[in-house]
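> My questions all concern the structure below.
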Amino acid sequence: MRVLHLLGNREDTGGILSVVRSIQNATRGACEHVVLVHEEYLEKRLPKLDYRRSPHATDEEASHGRLLKQAIKSFTGLRRLLKVEPFDVIHGHTRGAFPLVLMMAATGHRRCVFTSHTYANRVGMYRTASRWKRIRWVFLTPTMAQHYGVQAVSGGVELVSACCSDTYFSSPTRPVDQVSSDRPVRLVGLGNIVQWKRWDILLDAMFRLSPDLQARLRCTVYGPTTSDAPAQKYAADLRRKIQESGLGERFRLPGPTSDVAGVLAESDWYMVLSRNEPCSVALIEALAGGMPALVSASGGNLDIVKNGATGIHFRTDDVDDLASALKRIANGDYSLESPSGIRESVRGRSASAVSREYLRIYREVISSQ
């Protein structure tokens with residue numbers, strides 16, 4: 001079985017590519033995965049993927065008009081590709097691939113799957129499109145399906161989580177007594193340094209804490225800054241704010257890392273601060289290692305992290321509530337499940353479990369035609 005994943009990325013960042021890599025590893029021998037990216041794309045992470053490139057492919061655009069324009073241009077090249085190279089399933093993942101999948105289905109290609117990885121503003125458009133039987137629709141979590149007003153039914157609209165590599169479930173879980181009074185509590189975040197990730201509110205929340213509580217915490221955010229101007233400005237402003245705050249030893253932005261497992265092993269709590277985070281792969285990786293998480297009470301976090309059991313929720317965008325959560329963590333004022341219990345809470349989000357769901361969907365799509 002050959003699957004063409006429509007992504008359109010220009011850069012090797014983000015959780016969707018991580019999910020495709022995990023699924024590729026978990027389905028070796030049963031499925032061959034090929035990824036459509038922009039011609040400027042440069043692979044920086046492992047394992048390697050098999051790519052096809054297009055000068056018009058795109059993953060995200062602020063303008064819906066530009067997204068549609070690029071999709072129309074990509075459509076011609078995609079049709080040419082399919083004439084010389086057969087694929088059993090076309091699987092779109094990004095906002096840029098959304099109109100492209102619609103056009104493929106409209107022109108007779110009946111083996112199409114689309115997974116929504118975002119909380120789009122135009123929910124009516126996605127809700128209407130999800131009723132089209134020519135395409136099998138997938139949402140990541142119940143909260144995402146609720147956002148779009150869609151009822152998930154097996155064989156129609158599916159719920160399939162993002163996933164992390166099975167290796168995160170095979171290593172030993174972290175010790176129960178990992179947090180010690182003789183050193184700061186180490187909080188870590190992984191993700192692009194962009195505004196919607198809301199790393200800035202963490203710094204604002206640190207300001208709300210007394211100096212002795214600040215001294216008990218060390219926050220580190222690993223991630224690249226994408227090349228677009230808004231991201232560059234946000235990162236520059238955040239770094240300047242950190243420098244001016246005097247919290248440089250307590251709040252660090254060391255840049256991207258290729259050793260996610262090592263970073264998680266050296267940390268105590270994982271952080272997701274963004275509004276409507278779809279289904280964070282790094283969050284699943286952290287929980288699979290037995291690490292609790294501090295997350296905003298929105299998006300996929302509500303489905304992944306059980307408040308008071310596998311982590312702590314704070315009200316989304318509420319700096320004071322985030323500061324209160326940090327105070328609880330600094331003081332050890334919480335009682336959570338054991339590391340093994342935290343791991344088991346995301347067992348169904350492993351690559352092997354998620355891959356079984358996608359293989360079932362692919363086979364059903366093929367057999368229905």
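By order of appearance in the structure tokens: chains A, B, ..., then residues from 1 within every chain, and ligands from 1 in the order shown.
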Using DSSP on the backbone coordinates, identify all residues within stretch 231-332 of chain A classified as strand (DSSP E); present the result as a VMD selection string.
chain A and resid 251 to 255 269 to 272 293 to 296 311 to 314
> So which bits of stretch 79-128 of chain A end up alpha helix (DSSP H) when you DSSP the backbone, as a compact mmCIF listing (two decimals) with N, CA and C atoms, in the first residue's frame?

# COMPACT_ATOMS: atom_id res chain seq x y z
N ARG A 79 -1.64 16.14 -10.29
CA ARG A 79 -2.25 15.25 -11.29
C ARG A 79 -1.18 14.63 -12.19
N ARG A 80 -0.17 15.43 -12.54
CA ARG A 80 0.93 14.89 -13.36
C ARG A 80 1.68 13.80 -12.59
N LEU A 81 1.92 14.05 -11.30
CA LEU A 81 2.62 13.06 -10.47
C LEU A 81 1.84 11.74 -10.43
N LEU A 82 0.54 11.82 -10.25
CA LEU A 82 -0.27 10.61 -10.13
C LEU A 82 -0.36 9.83 -11.43
N LYS A 83 -0.12 10.47 -12.56
CA LYS A 83 -0.13 9.77 -13.83
C LYS A 83 1.09 8.88 -14.01
N VAL A 84 2.20 9.28 -13.40
CA VAL A 84 3.44 8.52 -13.57
C VAL A 84 3.78 7.68 -12.34
N ALA A 97 -3.30 21.82 2.32
CA ALA A 97 -3.74 20.60 1.62
C ALA A 97 -5.25 20.46 1.59
N PHE A 98 -5.96 21.21 2.42
CA PHE A 98 -7.42 21.08 2.51
C PHE A 98 -8.10 21.31 1.16
N PRO A 99 -7.88 22.46 0.48
CA PRO A 99 -8.53 22.63 -0.82
C PRO A 99 -8.00 21.67 -1.87
N LEU A 100 -6.76 21.24 -1.72
CA LEU A 100 -6.17 20.32 -2.69
C LEU A 100 -6.87 18.96 -2.62
N VAL A 101 -7.16 18.48 -1.42
CA VAL A 101 -7.88 17.22 -1.27
C VAL A 101 -9.30 17.34 -1.82
N LEU A 102 -9.94 18.49 -1.58
CA LEU A 102 -11.28 18.70 -2.11
C LEU A 102 -11.28 18.63 -3.64
N MET A 103 -10.29 19.25 -4.26
CA MET A 103 -10.20 19.23 -5.71
C MET A 103 -9.92 17.83 -6.24
N MET A 104 -9.08 17.08 -5.52
CA MET A 104 -8.80 15.71 -5.94
C MET A 104 -10.08 14.88 -5.92
N ALA A 105 -10.85 14.99 -4.86
CA ALA A 105 -12.09 14.22 -4.75
C ALA A 105 -13.10 14.67 -5.79
N ALA A 106 -13.17 15.97 -6.05
CA ALA A 106 -14.15 16.50 -7.00
C ALA A 106 -13.88 16.05 -8.42
N VAL A 123 -15.26 27.24 10.99
CA VAL A 123 -15.71 25.90 11.37
C VAL A 123 -16.81 25.39 10.44
N GLY A 124 -17.66 26.30 9.95
CA GLY A 124 -18.75 25.88 9.07
C GLY A 124 -18.24 25.26 7.79
N MET A 125 -17.15 25.79 7.25
CA MET A 125 -16.57 25.26 6.02
C MET A 125 -16.08 23.83 6.24
N TYR A 126 -15.38 23.59 7.34
CA TYR A 126 -14.89 22.25 7.63
C TYR A 126 -16.04 21.31 7.95
N ARG A 127 -17.04 21.80 8.70
CA ARG A 127 -18.17 20.94 9.05
C ARG A 127 -18.93 20.50 7.80
N THR A 128 -19.13 21.42 6.86
CA THR A 128 -19.81 21.08 5.61
C THR A 128 -18.98 20.09 4.80
> If we count only C-alpha atoms, what is near A:Asp166 at a cut-off of 12 Å, once residues fewer than 4 positions away on the same chain are taken out, given as a ChimeraX atom specification?
/A:19,21-27,170-171,284-285,288-289,343,346-355
> Limited to C-alpha atoms, could you put the picked residues into a file as a PDB file, in the first residue's frame?

ATOM      1  CA  VAL A  19       3.560  11.934  13.330  1.00  0.00           C
ATOM      2  CA  ARG A  21       7.715   9.675  10.749  1.00  0.00           C
ATOM      3  CA  SER A  22       6.302   7.650  13.655  1.00  0.00           C
ATOM      4  CA  ILE A  23       3.628   6.081  11.468  1.00  0.00           C
ATOM      5  CA  GLN A  24       6.232   5.237   8.823  1.00  0.00           C
ATOM      6  CA  ASN A  25       8.333   3.367  11.388  1.00  0.00           C
ATOM      7  CA  ALA A  26       5.330   1.540  12.830  1.00  0.00           C
ATOM      8  CA  THR A  27       4.005   0.363   9.444  1.00  0.00           C
ATOM      9  CA  SER A 170       9.934   1.138  26.185  1.00  0.00           C
ATOM     10  CA  SER A 171      12.406   3.140  28.287  1.00  0.00           C
ATOM     11  CA  ILE A 284       2.469  12.840  24.529  1.00  0.00           C
ATOM     12  CA  GLU A 285       6.199  12.030  24.543  1.00  0.00           C
ATOM     13  CA  ALA A 288       4.851   8.512  27.925  1.00  0.00           C
ATOM     14  CA  GLY A 289       8.008   8.947  29.986  1.00  0.00           C
ATOM     15  CA  ARG A 343       2.499   6.645  30.983  1.00  0.00           C
ATOM     16  CA  VAL A 346      -1.316   7.933  26.758  1.00  0.00           C
ATOM     17  CA  ARG A 347      -0.681   4.321  25.780  1.00  0.00           C
ATOM     18  CA  GLY A 348      -3.363   4.597  23.102  1.00  0.00           C
ATOM     19  CA  ARG A 349      -1.447   7.490  21.527  1.00  0.00           C
ATOM     20  CA  SER A 350       1.618   5.388  20.713  1.00  0.00           C
ATOM     21  CA  ALA A 351       2.692   5.072  17.084  1.00  0.00           C
ATOM     22  CA  SER A 352       1.725   1.404  16.953  1.00  0.00           C
ATOM     23  CA  ALA A 353      -1.802   2.068  18.271  1.00  0.00           C
ATOM     24  CA  VAL A 354      -2.405   5.075  16.011  1.00  0.00           C
ATOM     25  CA  SER A 355      -0.927   3.313  12.977  1.00  0.00           C
TER      26      SER A 355
END
> Using only C-alpha atoms, find the one residue out of A:Gly300, A:Pro184, A:Pro47, A:Pro175 that sits nearest to A:Ser258.
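Of all the options, A:Pro47 lies closest to A:Ser258.
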> When you look at A:Val188 with a cut-off of 9 Å (counting only C-alpha atoms), what residues show up, excluding the ones that are within fewer than 6 positions of it in the same chain? I need them as a PyMOL selection string.
chain A and resi 218-222+263-264+267-271
> Kindly indicate which residue among A:Ser161, A:Ser296, A:Asn307, A:Ser227 lies nearest to A:Val319, using only C-alpha atoms for the distances.
A:Ser296
> Calculate how many Å separate atom CA of A:Leu287 from atom CA of A:Ile342, rounding to one decimal.
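Interatomic distance, atom CA of A:Leu287 to atom CA of A:Ile342: 5.9 Å.
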> So which one's closest to A:Ile366, A:Arg2, A:Gly92, A:Tyr41, A:Tyr119? Using only C-alpha atoms, please.
A:Arg2
